[in-house]
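Content type TSV, C-alpha atoms, from the file coords.tsv:
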chain	number	residue	atom	x	y	z
A	451	MET	CA	0.00	0.00	0.00
A	452	ILE	CA	1.27	3.42	-0.90
A	453	THR	CA	0.49	5.79	1.88
A	454	LEU	CA	0.44	9.55	1.84
A	455	LEU	CA	3.88	9.64	3.47
A	456	ASP	CA	5.29	7.40	0.75
A	457	LEU	CA	3.87	9.73	-1.88
A	458	PHE	CA	5.47	12.66	-0.10
A	459	SER	CA	8.82	10.83	-0.05
A	460	ILE	CA	8.62	9.97	-3.72
A	461	ALA	CA	7.71	13.54	-4.65
A	462	ALA	CA	10.42	15.14	-2.52
A	463	ILE	CA	13.18	12.75	-3.61
A	464	GLY	CA	12.04	13.15	-7.22
A	465	VAL	CA	12.33	16.93	-6.97
A	466	GLY	CA	15.72	16.54	-5.28
A	467	THR	CA	16.93	14.25	-8.06
A	468	PHE	CA	15.74	16.80	-10.62
A	469	PHE	CA	17.87	19.48	-8.99
A	470	PHE	CA	20.87	17.14	-8.94
A	471	VAL	CA	20.46	16.38	-12.64
A	472	ALA	CA	19.96	20.07	-13.44
A	473	GLY	CA	23.02	20.98	-11.38
A	474	THR	CA	25.10	18.34	-13.14
A	475	VAL	CA	23.96	19.52	-16.56
A	476	GLY	CA	24.89	23.06	-15.54
A	477	LEU	CA	28.26	21.91	-14.28
A	478	LEU	CA	28.99	20.27	-17.61
A	479	ARG	CA	27.48	22.89	-19.90
A	480	PHE	CA	28.03	26.31	-18.33
A	481	PRO	CA	30.82	28.39	-19.88
A	482	ASP	CA	32.90	29.57	-16.91
A	483	SER	CA	33.75	28.59	-13.37
A	484	LEU	CA	31.52	31.11	-11.60
A	485	THR	CA	28.38	29.99	-13.41
A	486	ARG	CA	29.38	26.36	-12.89
A	487	LEU	CA	29.66	27.07	-9.17
A	488	HIS	CA	26.18	28.56	-9.32
A	489	ALA	CA	24.84	25.37	-10.88
A	490	LEU	CA	26.62	23.17	-8.38
A	491	THR	CA	25.21	24.96	-5.33
A	492	LYS	CA	21.67	24.27	-6.54
A	493	ALA	CA	22.34	20.54	-6.45
A	494	ASP	CA	24.05	20.80	-3.06
A	495	ASN	CA	21.52	22.96	-1.28
A	496	LEU	CA	18.13	22.29	-2.84
A	497	GLY	CA	18.74	18.84	-4.28
A	498	LEU	CA	20.21	17.34	-1.14
A	499	GLY	CA	17.69	19.24	0.99
A	500	MET	CA	14.74	17.74	-0.91
A	501	VAL	CA	16.26	14.24	-0.77
A	502	ALA	CA	16.82	14.59	2.98
A	503	LEU	CA	13.29	15.90	3.43
A	504	GLY	CA	11.93	12.94	1.49
A	505	LEU	CA	13.91	10.49	3.59
A	506	ILE	CA	12.80	11.90	6.94
A	507	PRO	CA	9.42	10.07	7.00
A	508	ARG	CA	11.30	6.85	6.26
A	509	ALA	CA	13.80	7.27	9.11
A	510	ASP	CA	13.78	4.63	11.86
A	511	SER	CA	13.74	7.08	14.72
A	512	ALA	CA	13.57	10.77	15.49
A	513	LEU	CA	17.32	10.68	16.07
A	514	SER	CA	18.15	9.41	12.61
A	515	ALA	CA	15.76	11.98	11.12
A	516	LEU	CA	17.66	14.63	13.03
A	517	LYS	CA	20.94	13.24	11.67
A	518	LEU	CA	19.63	13.64	8.11
A	519	ILE	CA	18.92	17.30	8.80
A	520	VAL	CA	22.35	17.78	10.39
A	521	ILE	CA	24.01	16.24	7.31
A	522	TRP	CA	22.09	18.61	5.07
A	523	VAL	CA	23.03	21.65	7.16
A	524	LEU	CA	26.70	20.58	7.23
A	525	VAL	CA	26.79	20.12	3.47
A	526	MET	CA	25.20	23.55	3.01
A	527	LEU	CA	27.75	25.09	5.35
A	528	SER	CA	30.75	23.54	3.65
A	529	GLY	CA	29.28	24.05	0.18
A	530	ALA	CA	28.63	27.73	0.75
A	531	SER	CA	32.05	28.31	2.29
A	532	THR	CA	34.02	26.45	-0.36
A	533	SER	CA	32.05	28.21	-3.12
A	534	GLN	CA	33.07	31.51	-1.57
A	535	LEU	CA	36.68	30.37	-1.41
A	536	ILE	CA	36.72	29.13	-4.99
A	537	GLY	CA	34.99	32.31	-6.20
A	538	ARG	CA	37.52	34.46	-4.37
A	539	ALA	CA	40.43	32.49	-5.83
A	540	LEU	CA	38.92	32.94	-9.30
A	541	ARG	CA	38.56	36.70	-8.89
A	542	ARG	CA	42.13	36.99	-7.64
A	543	GLY	CA	43.32	34.96	-10.60
A	544	ARG	CA	41.52	37.21	-13.09
A	545	LYS	CA	43.05	40.49	-11.97
B	885	MET	CA	14.43	-8.19	-10.46
B	886	SER	CA	16.60	-6.08	-8.26
B	887	LEU	CA	18.21	-2.90	-9.43
B	888	ARG	CA	21.21	-3.30	-7.16
B	889	PRO	CA	23.47	-5.43	-9.39
B	890	PHE	CA	23.20	-2.76	-12.09
B	891	LEU	CA	24.06	-0.01	-9.63
B	892	ASP	CA	27.02	-2.06	-8.44
B	893	VAL	CA	28.29	-2.51	-11.98
B	894	ILE	CA	27.91	1.22	-12.62
B	895	LEU	CA	29.78	1.93	-9.38
B	896	ALA	CA	32.59	-0.46	-10.31
B	897	GLY	CA	32.82	1.15	-13.75
B	898	LEU	CA	32.98	4.61	-12.20
B	899	VAL	CA	35.80	3.52	-9.87
B	900	LEU	CA	37.77	2.12	-12.81
B	901	GLY	CA	37.11	5.21	-14.92
B	902	VAL	CA	38.20	7.63	-12.20
B	903	ALA	CA	41.28	5.46	-11.50
B	904	ILE	CA	42.31	5.62	-15.15
B	905	PHE	CA	41.65	9.37	-15.21
B	906	THR	CA	43.83	9.82	-12.11
B	907	ILE	CA	46.72	7.90	-13.63
B	908	THR	CA	46.58	9.53	-17.03
B	909	ALA	CA	45.88	13.11	-15.90
B	910	ARG	CA	48.70	15.40	-17.03
B	911	ASP	CA	47.89	18.15	-14.56
B	912	LEU	CA	49.01	17.49	-10.98
B	913	PHE	CA	45.98	19.18	-9.44
B	914	ALA	CA	43.56	17.30	-11.70
B	915	ALA	CA	45.20	14.03	-10.67
B	916	VAL	CA	44.77	14.90	-6.99
B	917	VAL	CA	41.11	15.79	-7.48
B	918	GLY	CA	40.67	12.51	-9.34
B	919	TYR	CA	42.30	10.65	-6.46
B	920	VAL	CA	39.96	12.24	-3.90
B	921	ALA	CA	36.93	11.33	-6.01
B	922	TYR	CA	38.35	7.82	-6.35
B	923	GLY	CA	38.60	7.54	-2.56
B	924	LEU	CA	35.00	8.64	-2.07
B	925	LEU	CA	33.74	6.16	-4.69
B	926	LEU	CA	35.80	3.44	-3.02
B	927	ALA	CA	34.06	4.28	0.26
B	928	PHE	CA	30.76	3.54	-1.49
B	929	VAL	CA	32.17	0.24	-2.70
B	930	TRP	CA	33.05	-0.70	0.88
B	931	ILE	CA	29.54	0.18	2.00
B	932	ARG	CA	28.13	-2.08	-0.72
B	933	LEU	CA	30.44	-4.83	0.57
B	934	TYR	CA	28.87	-4.35	4.03
B	935	ALA	CA	32.08	-2.98	5.52
B	936	PRO	CA	31.04	0.40	6.94
B	937	ASP	CA	34.10	0.57	9.21
B	938	VAL	CA	36.44	0.37	6.23
B	939	ALA	CA	34.24	2.82	4.33
B	940	LEU	CA	34.55	5.38	7.12
B	941	THR	CA	38.33	4.99	7.18
B	942	GLU	CA	38.57	5.21	3.40
B	943	ALA	CA	36.48	8.39	3.29
B	944	ALA	CA	38.30	10.06	6.17
B	945	VAL	CA	41.89	8.98	5.55
B	946	GLY	CA	42.13	7.63	2.01
B	947	SER	CA	40.22	10.51	0.53
B	948	GLY	CA	40.18	13.37	3.03
B	949	VAL	CA	43.54	13.48	4.78
B	950	THR	CA	45.51	12.05	1.87
B	951	GLY	CA	43.79	14.56	-0.42
B	952	VAL	CA	44.92	17.49	1.72
B	953	LEU	CA	48.40	15.96	1.93
B	954	LEU	CA	48.65	15.62	-1.85
B	955	ILE	CA	47.25	19.09	-2.55
B	956	THR	CA	49.75	20.64	-0.13
B	957	ALA	CA	52.58	18.61	-1.65
B	958	GLY	CA	51.49	19.64	-5.15
B	959	LYS	CA	51.40	23.29	-4.15
B	960	ARG	CA	54.92	23.07	-2.75
B	961	LEU	CA	56.15	21.35	-5.90
B	962	GLY	CA	54.58	24.11	-7.99
B	963	ALA	CA	56.16	26.78	-5.80
B	964	LEU	CA	59.64	25.38	-6.46
B	965	LYS	CA	61.40	27.80	-8.78
B	966	ASN	CA	63.15	26.41	-11.84
B	967	PRO	CA	62.06	22.82	-11.82
B	968	ALA	CA	64.58	20.86	-13.88
B	969	PRO	CA	63.67	21.72	-17.48
B	970	GLU	CA	62.40	18.75	-19.45
B	971	ALA	CA	63.82	16.33	-16.92
B	972	GLN	CA	62.47	13.22	-18.61
B	973	PRO	CA	63.57	9.88	-17.22
B	974	PRO	CA	65.36	7.74	-19.81
B	975	LEU	CA	63.27	5.34	-21.85
B	976	THR	CA	64.77	2.22	-20.26
B	977	LEU	CA	63.77	3.46	-16.80
B	978	LYS	CA	60.23	4.18	-18.02
B	979	LEU	CA	60.01	0.69	-19.52
B	980	LEU	CA	61.30	-0.89	-16.31
B	981	ILE	CA	58.71	1.02	-14.26
B	982	GLY	CA	55.97	-0.06	-16.65
B	983	VAL	CA	57.02	-3.72	-16.48
B	984	LEU	CA	57.19	-3.65	-12.68
B	985	ALA	CA	53.75	-2.03	-12.44
B	986	VAL	CA	52.26	-4.63	-14.78
B	987	LEU	CA	53.90	-7.41	-12.75
B	988	VAL	CA	52.44	-6.13	-9.48
B	989	ALA	CA	48.99	-5.66	-11.00
B	990	GLY	CA	49.22	-9.09	-12.66
B	991	ALA	CA	50.27	-10.80	-9.43
B	992	LEU	CA	47.40	-9.18	-7.54
B	993	GLY	CA	44.93	-10.16	-10.23
B	994	ALA	CA	46.26	-13.74	-10.30
B	995	ALA	CA	46.02	-14.00	-6.53
B	996	ILE	CA	42.36	-13.03	-6.65
B	997	LEU	CA	41.50	-15.22	-9.65
B	998	LEU	CA	43.29	-18.27	-8.21
B	999	LEU	CA	41.59	-18.10	-4.80
B	1000	PRO	CA	40.30	-21.53	-3.80
B	1001	ASP	CA	36.58	-21.85	-3.30
B	1002	PRO	CA	35.65	-21.29	-0.49
B	1003	PRO	CA	38.52	-18.90	0.16
B	1004	PRO	CA	40.57	-19.50	3.30
B	1005	SER	CA	39.54	-17.14	6.04
B	1006	LEU	CA	40.71	-16.29	9.52
B	1007	ALA	CA	37.44	-14.47	10.17
B	1008	PRO	CA	35.65	-17.16	12.23
B	1009	GLU	CA	38.77	-17.74	14.30
B	1010	ALA	CA	39.24	-14.01	14.80
B	1011	ALA	CA	35.60	-13.54	15.73
B	1012	ALA	CA	35.80	-16.35	18.28
B	1013	ALA	CA	39.03	-15.01	19.74
B	1014	ALA	CA	37.71	-11.47	19.87
B	1015	ASP	CA	34.53	-12.71	21.45
B	1016	SER	CA	36.44	-14.22	24.33
B	1017	ALA	CA	38.90	-11.40	24.92
B	1018	GLY	CA	36.99	-8.37	23.65
B	1019	ALA	CA	34.14	-8.96	26.01
B	1020	GLY	CA	31.42	-6.36	25.98
B	1021	LEU	CA	32.27	-4.86	22.61
B	1022	GLY	CA	29.32	-4.86	20.25
B	1023	ASN	CA	31.47	-4.07	17.24
B	1024	PRO	CA	33.47	-7.16	16.20
B	1025	ILE	CA	35.81	-5.02	14.07
B	1026	THR	CA	36.95	-3.07	17.11
B	1027	ALA	CA	37.22	-6.29	19.10
B	1028	VAL	CA	39.49	-7.83	16.45
B	1029	LEU	CA	41.59	-4.68	16.07
B	1030	MET	CA	42.04	-4.12	19.77
B	1031	SER	CA	42.21	-7.68	21.00
B	1032	TYR	CA	42.85	-10.38	18.40
B	1033	ARG	CA	45.30	-8.26	16.41
B	1034	SER	CA	46.23	-5.75	19.06
B	1035	PHE	CA	49.96	-5.88	18.36
B	1036	ASP	CA	49.40	-4.98	14.70
B	1037	THR	CA	47.18	-2.08	15.70
B	1038	MET	CA	49.83	-0.79	18.09
B	1039	LEU	CA	52.52	-1.05	15.41
B	1040	GLU	CA	50.32	0.86	12.97
B	1041	LYS	CA	50.34	3.82	15.31
B	1042	LEU	CA	54.12	3.52	15.63
B	1043	VAL	CA	54.36	3.73	11.85
B	1044	LEU	CA	52.41	7.01	11.99
B	1045	ILE	CA	54.91	8.43	14.48
B	1046	LEU	CA	57.82	7.24	12.34
B	1047	ALA	CA	56.25	9.02	9.38
B	1048	VAL	CA	56.03	12.26	11.38
B	1049	VAL	CA	59.67	11.88	12.42
B	1050	GLY	CA	60.54	11.29	8.78
B	1051	VAL	CA	58.74	14.46	7.68
B	1052	TRP	CA	60.37	16.51	10.43
B	1053	SER	CA	63.82	15.22	9.61
B	1054	VAL	CA	63.61	16.75	6.12
B	1055	GLY	CA	63.70	20.24	7.62
B	1056	ALA	CA	66.85	22.35	7.60
B	1057	ASP	CA	69.17	22.15	10.60
B	1058	LYS	CA	68.58	25.79	11.46
B	1059	ALA	CA	64.84	25.28	11.51
B	1060	TRP	CA	64.91	22.36	13.92
B	1061	GLY	CA	62.49	22.87	16.76
B	1062	SER	CA	60.52	25.68	15.14
B	1063	ALA	CA	56.99	25.41	13.77
B	1064	PRO	CA	56.14	24.22	10.25
B	1065	ALA	CA	55.21	26.87	7.68
B	1066	GLU	CA	51.65	28.18	7.84
B	1067	LEU	CA	49.25	26.05	5.84
B	1068	ARG	CA	47.80	29.08	4.10
B	1069	GLN	CA	50.50	31.53	3.25
B	1070	PRO	CA	49.17	35.08	2.93
B	1071	LYS	CA	46.18	35.50	5.20
B	1072	ALA	CA	43.08	33.51	6.00
B	1073	THR	CA	40.00	34.79	4.18
B	1074	ALA	CA	36.71	35.50	5.90
B	1075	PRO	CA	34.84	32.44	4.49
B	1076	MET	CA	37.64	30.16	5.70
B	1077	VAL	CA	37.48	31.64	9.21
B	1078	PHE	CA	33.69	31.35	9.19
B	1079	LEU	CA	33.85	27.73	8.04
B	1080	ALA	CA	36.37	26.86	10.76
B	1081	GLN	CA	34.37	28.57	13.47
B	1082	MET	CA	31.12	26.88	12.47
B	1083	LEU	CA	32.45	23.46	11.48
B	1084	ALA	CA	35.09	22.77	14.11
B	1085	PRO	CA	32.80	22.48	17.17
B	1086	VAL	CA	30.40	20.19	15.31
B	1087	GLY	CA	33.26	18.19	13.78
B	1088	VAL	CA	34.97	17.67	17.13
B	1089	LEU	CA	31.70	16.43	18.61
B	1090	ILE	CA	31.15	14.02	15.70
B	1091	GLY	CA	34.75	12.83	15.89
B	1092	ILE	CA	34.44	11.98	19.58
B	1093	HIS	CA	31.08	10.35	18.91
B	1094	ILE	CA	32.54	8.14	16.16
B	1095	PHE	CA	35.34	7.05	18.49
B	1096	TRP	CA	32.93	6.36	21.38
B	1097	THR	CA	30.32	4.57	19.32
B	1098	GLY	CA	33.06	2.45	17.71
B	1099	ALA	CA	32.82	0.06	20.64
B	1100	ASN	CA	29.34	-1.02	19.60
B	1101	ALA	CA	28.74	0.22	16.06
B	1102	PRO	CA	30.79	1.10	12.97
B	1103	GLY	CA	33.39	3.66	13.91
B	1104	GLY	CA	36.47	3.61	16.06
B	1105	ALA	CA	39.68	5.30	17.08
B	1106	PHE	CA	41.16	5.79	13.64
B	1107	GLN	CA	38.02	7.19	12.03
B	1108	GLY	CA	37.27	9.48	14.97
B	1109	GLY	CA	40.90	10.56	15.20
B	1110	ALA	CA	41.01	11.35	11.50
B	1111	LEU	CA	37.96	13.60	11.87
B	1112	LEU	CA	39.46	15.39	14.86
B	1113	ALA	CA	42.70	15.79	12.90
B	1114	ALA	CA	40.75	17.30	10.01
B	1115	MET	CA	39.15	19.78	12.38
B	1116	TRP	CA	42.55	20.79	13.72
B	1117	MET	CA	43.74	21.30	10.14
B	1118	VAL	CA	40.72	23.47	9.32
B	1119	ILE	CA	41.42	25.59	12.40
B	1120	MET	CA	45.08	25.97	11.44
B	1121	MET	CA	44.18	26.83	7.83
B	1122	ALA	CA	41.89	29.56	9.10
B	1123	GLN	CA	44.80	30.68	11.29
B	1124	LEU	CA	42.64	30.58	14.38
B	1125	ALA	CA	45.43	28.59	15.99
B	1126	LYS	CA	49.14	28.71	15.32
B	1127	LEU	CA	51.01	25.62	14.21
B	1128	PRO	CA	52.83	24.18	17.20
B	1129	ARG	CA	56.62	24.20	17.41
B	1130	ILE	CA	57.82	20.69	16.76
B	1131	ASP	CA	59.85	20.68	19.98
B	1132	ALA	CA	56.74	21.45	22.03
B	1133	GLN	CA	56.55	19.01	24.91
B	1134	TRP	CA	52.76	18.57	24.74
B	1135	LEU	CA	52.88	17.76	21.04
B	1136	ARG	CA	55.45	15.03	21.48
B	1137	VAL	CA	53.66	13.57	24.49
B	1138	ALA	CA	50.41	13.53	22.48
B	1139	LEU	CA	52.16	11.83	19.57
B	1140	VAL	CA	53.59	8.94	21.57
B	1141	SER	CA	50.77	8.61	24.10
B	1142	GLY	CA	48.68	6.18	21.98
B	1143	PRO	CA	51.28	3.47	21.36
B	1144	ALA	CA	52.83	4.06	24.81
B	1145	VAL	CA	49.59	3.48	26.69
B	1146	PHE	CA	48.84	0.52	24.42
B	1147	LEU	CA	52.25	-1.00	25.12
B	1148	ILE	CA	51.95	-0.47	28.88
B	1149	PHE	CA	48.62	-2.28	28.97
B	1150	GLY	CA	49.98	-4.94	26.63
B	1151	LEU	CA	52.89	-5.61	28.95
B	1152	ALA	CA	50.60	-5.53	31.97
B	1153	GLY	CA	48.54	-8.24	30.27
B	1154	GLU	CA	51.44	-10.62	30.84
B	1155	VAL	CA	50.83	-10.32	34.59
B	1156	THR	CA	47.09	-9.73	34.83
B	1157	ALA	CA	45.75	-11.98	32.08
B	1158	GLY	CA	48.55	-14.42	31.51
B	1159	SER	CA	49.78	-13.35	28.09
B	1160	PHE	CA	51.27	-10.45	26.21
B	1161	PHE	CA	48.55	-8.05	24.97
B	1162	ALA	CA	45.74	-9.90	26.73
B	1163	TYR	CA	43.26	-8.11	28.94
B	1164	PRO	CA	41.54	-9.34	32.09
B	1165	HIS	CA	38.17	-10.55	30.90
B	1166	SER	CA	35.93	-8.50	33.15
B	1167	LEU	CA	37.75	-5.25	32.44
B	1168	ALA	CA	38.30	-5.70	28.70
B	1169	LYS	CA	35.86	-3.07	27.50
B	1170	PRO	CA	36.95	-0.17	29.75
B	1171	ILE	CA	40.61	-0.99	29.09
B	1172	ILE	CA	40.08	-1.06	25.34
B	1173	LEU	CA	38.21	2.26	25.39
B	1174	PHE	CA	40.94	3.78	27.58
B	1175	ILE	CA	43.69	2.71	25.16
B	1176	GLU	CA	41.64	3.88	22.19
B	1177	ALA	CA	41.17	7.33	23.72
B	1178	PHE	CA	44.94	7.81	23.73
B	1179	MET	CA	45.21	6.43	20.22
B	1180	VAL	CA	42.69	9.05	19.12
B	1181	LEU	CA	44.96	11.67	20.68
B	1182	SER	CA	47.98	10.29	18.82
B	1183	ILE	CA	46.19	10.21	15.49
B	1184	THR	CA	44.77	13.71	16.00
B	1185	ALA	CA	48.30	14.99	16.58
B	1186	ALA	CA	50.08	12.93	13.91
B	1187	LEU	CA	47.94	13.49	10.80
B	1188	PRO	CA	48.03	17.34	10.83
B	1189	MET	CA	51.78	17.21	11.49
B	1190	LEU	CA	52.19	15.07	8.37
B	1191	VAL	CA	50.22	17.63	6.37
B	1192	ALA	CA	52.00	20.64	7.90
B	1193	GLY	CA	55.36	19.34	6.73
B	1194	PRO	CA	58.88	19.92	8.00
B	1195	PRO	CA	59.76	22.80	10.35
B	1196	SER	CA	60.32	26.07	8.55
B	1197	GLU	CA	62.98	28.68	9.14
B	1198	ARG	CA	60.72	31.61	8.40
B	1199	PRO	CA	59.90	33.63	11.49
B	1200	ASP	CA	56.24	33.63	12.39
B	1201	ARG	CA	54.38	36.55	10.96
Once more with this new file: its structure as structure tokens, please.
Amino acid sequence: MITLLDLFSIAAIGVGTFFFVAGTVGLLRFPDSLTRLHALTKADNLGLGMVALGLIPRADSALSALKLIVIWVLVMLSGASTSQLIGRALRRGRK
Amino acid sequence: MSLRPFLDVILAGLVLGVAIFTITARDLFAAVVGYVAYGLLLAFVWIRLYAPDVALTEAAVGSGVTGVLLITAGKRLGALKNPAPEAQPPLTLKLLIGVLAVLVAGALGAAILLLPDPPPSLAPEAAAAADSAGAGLGNPITAVLMSYRSFDTMLEKLVLILAVVGVWSVGADKAWGSAPAELRQPKATAPMVFLAQMLAPVGVLIGIHIFWTGANAPGGAFQGGALLAAMWMVIMMAQLAKLPRIDAQWLRVALVSGPAVFLIFGLAGEVTAGSFFAYPHSLAKPIILFIEAFMVLSITAALPMLVAGPPSERPDR
């Protein structure tokens, strides 16, 4: 039986996968590093966020659901920081 | 029909592809990035082989710490002025290297293909031995590492210390005792400082958790120590903490504490439990956790020192 929660999971993970695919296409197709970074952050932040959100109803316990959220927040933190660092290095290289 | 075999084949193909990319990449940095990706994919392979402990180690050490090590080494190579122009090794040497590499790969492949069926395994014996001596540990991997093969585990940590001594000994005579060069030369940027300030507290907590939970679940001293080491590196890269002088007493005590404590308890086993590196049955779990705590300390000190490199003569700025 497919319950409402299952449907929610499928929808959220589907949306997350879409963002990952879109981000990957952007990474491969965009012309320069800054725009590629832009594409990549979409996959990191939104894609992973939606996948994590979709997995939360399927978690065994509240603790493992919390862990999923922590993983997402950590990836966002490191993704945002490294994007800043890469962007800065690019700008320095251009001058 | 299950989808998993297909995913496994795709994963194996990806690993092979990235490995070939890493070997053939002309650019040093590209090769390092390939190697890091290879390590992460390999971690997935270990998970698919139901070996989460190995996967954790591979991700933390094989990919993370080694990646930083290689990037730093590459940067230093690039910073060398006047690399020998067109210093190509002679053709005979290249051929010899190629032949040797093929021989090693061939021997490994033959060993795997010629395995008898069922393959010989020490696993049941190790599990039984660990069960008797590693009482109270829910994670058989930790029980085997700390009890059945405790001497090997102790020697592994000694190898780490030897590696640090090796790195230090490359420094100039004048620089002996001073701190290694800063990991990030000019000045730490704001995002790096922010990342270190946000990530380090969480990372330290997770590192200690992985060590503690290693007694009963996947995890352990090496994985936890590697995470703590990574956090120390992040803090040093953000220049929130200075690199320690290599003659600092606390650093050296931290480095040797793991194997030293291990050895003391191993020798004590001769008296208390009747054999070298055996633990009294009722106290096995607390003793193992106690030894592991010091091993975490050793690993946390050793890995960043490997990355930081030899002591530098430059005065601290």
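Using all atoms listed in the file, the part of chain A that sits within 10 Å of chain B is made up of Val520, Leu524, Leu527, Ser528, Gly529, Ala530, Ser531, Thr532, Ser533, Gln534, Leu535 and Arg538 of chain A.
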As JSON, what would the box around segment 470-482 of chain A look like: edges along x, y and z, 8 Å added on every side, centre and edge lengths in Å to one decimal?
{"center_x": 26.4, "center_y": 23.0, "center_z": -14.4, "size_x": 28.9, "size_y": 29.2, "size_z": 27.0}
Scan for residues within 8 Å of the point (37.4, 5.9, -1.1) in the coordinates of the file, using all atoms listed in the file, and reply as a ChimeraX atom specification. /B:920-929,939,942-943,946-947
Which residues are close to Met1030 of chain B, i.e. within 10 Å by only C-alpha atoms, leaving aside same-chain residues fewer than 4 positions away? Reply as a ChimeraX atom specification. /B:1014,1017-1018,1024-1026,1034-1038,1146,1161-1162,1168-1169,1171-1173,1175-1176
With C-alpha atoms retained, write the just-selected residues as a PDB file, in the coordinates of the input.
ATOM      1  CA  ALA B1014      37.710 -11.470  19.870  1.00  0.00           C
ATOM      2  CA  ALA B1017      38.900 -11.400  24.920  1.00  0.00           C
ATOM      3  CA  GLY B1018      36.990  -8.370  23.650  1.00  0.00           C
ATOM      4  CA  PRO B1024      33.470  -7.160  16.200  1.00  0.00           C
ATOM      5  CA  ILE B1025      35.810  -5.020  14.070  1.00  0.00           C
ATOM      6  CA  THR B1026      36.950  -3.070  17.110  1.00  0.00           C
ATOM      7  CA  SER B1034      46.230  -5.750  19.060  1.00  0.00           C
ATOM      8  CA  PHE B1035      49.960  -5.880  18.360  1.00  0.00           C
ATOM      9  CA  ASP B1036      49.400  -4.980  14.700  1.00  0.00           C
ATOM     10  CA  THR B1037      47.180  -2.080  15.700  1.00  0.00           C
ATOM     11  CA  MET B1038      49.830  -0.790  18.090  1.00  0.00           C
ATOM     12  CA  PHE B1146      48.840   0.520  24.420  1.00  0.00           C
ATOM     13  CA  PHE B1161      48.550  -8.050  24.970  1.00  0.00           C
ATOM     14  CA  ALA B1162      45.740  -9.900  26.730  1.00  0.00           C
ATOM     15  CA  ALA B1168      38.300  -5.700  28.700  1.00  0.00           C
ATOM     16  CA  LYS B1169      35.860  -3.070  27.500  1.00  0.00           C
ATOM     17  CA  ILE B1171      40.610  -0.990  29.090  1.00  0.00           C
ATOM     18  CA  ILE B1172      40.080  -1.060  25.340  1.00  0.00           C
ATOM     19  CA  LEU B1173      38.210   2.260  25.390  1.00  0.00           C
ATOM     20  CA  ILE B1175      43.690   2.710  25.160  1.00  0.00           C
ATOM     21  CA  GLU B1176      41.640   3.880  22.190  1.00  0.00           C
TER      22      GLU B1176
END
I want to know what sits within 8 Å of Thr474 of chain A, based on all atoms listed in the file, with residues of the same chain fewer than 6 positions away left out; could you give that as a PyMOL selection string? chain A and resi 489-490+493
Could you name the residues that touch Thr485 of chain A at 12 Å or less, counting all atoms listed in the file, but leaving out those on the same chain fewer than 3 positions away, as JSON, numbers by chain? {"A": [473, 475, 476, 477, 478, 479, 480, 481, 482, 488, 489, 490, 491, 492, 533, 536, 537, 540]}
Write out the residues from the selection above, keeping C-alpha atoms, as a CSV table (one decimal), keeping the file's coordinate frame.
chain,number,residue,atom,x,y,z
A,473,GLY,CA,23.0,21.0,-11.4
A,475,VAL,CA,24.0,19.5,-16.6
A,476,GLY,CA,24.9,23.1,-15.5
A,477,LEU,CA,28.3,21.9,-14.3
A,478,LEU,CA,29.0,20.3,-17.6
A,479,ARG,CA,27.5,22.9,-19.9
A,480,PHE,CA,28.0,26.3,-18.3
A,481,PRO,CA,30.8,28.4,-19.9
A,482,ASP,CA,32.9,29.6,-16.9
A,488,HIS,CA,26.2,28.6,-9.3
A,489,ALA,CA,24.8,25.4,-10.9
A,490,LEU,CA,26.6,23.2,-8.4
A,491,THR,CA,25.2,25.0,-5.3
A,492,LYS,CA,21.7,24.3,-6.5
A,533,SER,CA,32.0,28.2,-3.1
A,536,ILE,CA,36.7,29.1,-5.0
A,537,GLY,CA,35.0,32.3,-6.2
A,540,LEU,CA,38.9,32.9,-9.3
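If you look at atom CA of Pro1085 of chain B and atom CA of Val1118 of chain B, they are 11.2 Å away from each other.
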Using only C-alpha atoms, find the one residue out of B:Val949, B:Leu987, B:Leu1111, B:Leu1124 that sits nearest to Met1189 of chain B. B:Val949
Need to verify the contact set: Leu940 of chain B, 10 Å, all atoms listed in the file, exclusion of same-chain residues closer than 2 positions in sequence. Can you return it as a PyMOL selection string? chain B and resi 924+927-928+930-931+935-938+942-946+1094+1102-1104+1106-1108+1110
C-alpha atoms of the current selection, written as a PDB file, in the coordinates of the input:
ATOM      1  CA  LEU B 924      35.000   8.640  -2.070  1.00  0.00           C
ATOM      2  CA  ALA B 927      34.060   4.280   0.260  1.00  0.00           C
ATOM      3  CA  PHE B 928      30.760   3.540  -1.490  1.00  0.00           C
ATOM      4  CA  TRP B 930      33.050  -0.700   0.880  1.00  0.00           C
ATOM      5  CA  ILE B 931      29.540   0.180   2.000  1.00  0.00           C
ATOM      6  CA  ALA B 935      32.080  -2.980   5.520  1.00  0.00           C
ATOM      7  CA  PRO B 936      31.040   0.400   6.940  1.00  0.00           C
ATOM      8  CA  ASP B 937      34.100   0.570   9.210  1.00  0.00           C
ATOM      9  CA  VAL B 938      36.440   0.370   6.230  1.00  0.00           C
ATOM     10  CA  GLU B 942      38.570   5.210   3.400  1.00  0.00           C
ATOM     11  CA  ALA B 943      36.480   8.390   3.290  1.00  0.00           C
ATOM     12  CA  ALA B 944      38.300  10.060   6.170  1.00  0.00           C
ATOM     13  CA  VAL B 945      41.890   8.980   5.550  1.00  0.00           C
ATOM     14  CA  GLY B 946      42.130   7.630   2.010  1.00  0.00           C
ATOM     15  CA  ILE B1094      32.540   8.140  16.160  1.00  0.00           C
ATOM     16  CA  PRO B1102      30.790   1.100  12.970  1.00  0.00           C
ATOM     17  CA  GLY B1103      33.390   3.660  13.910  1.00  0.00           C
ATOM     18  CA  GLY B1104      36.470   3.610  16.060  1.00  0.00           C
ATOM     19  CA  PHE B1106      41.160   5.790  13.640  1.00  0.00           C
ATOM     20  CA  GLN B1107      38.020   7.190  12.030  1.00  0.00           C
ATOM     21  CA  GLY B1108      37.270   9.480  14.970  1.00  0.00           C
ATOM     22  CA  ALA B1110      41.010  11.350  11.500  1.00  0.00           C
TER      23      ALA B1110
END
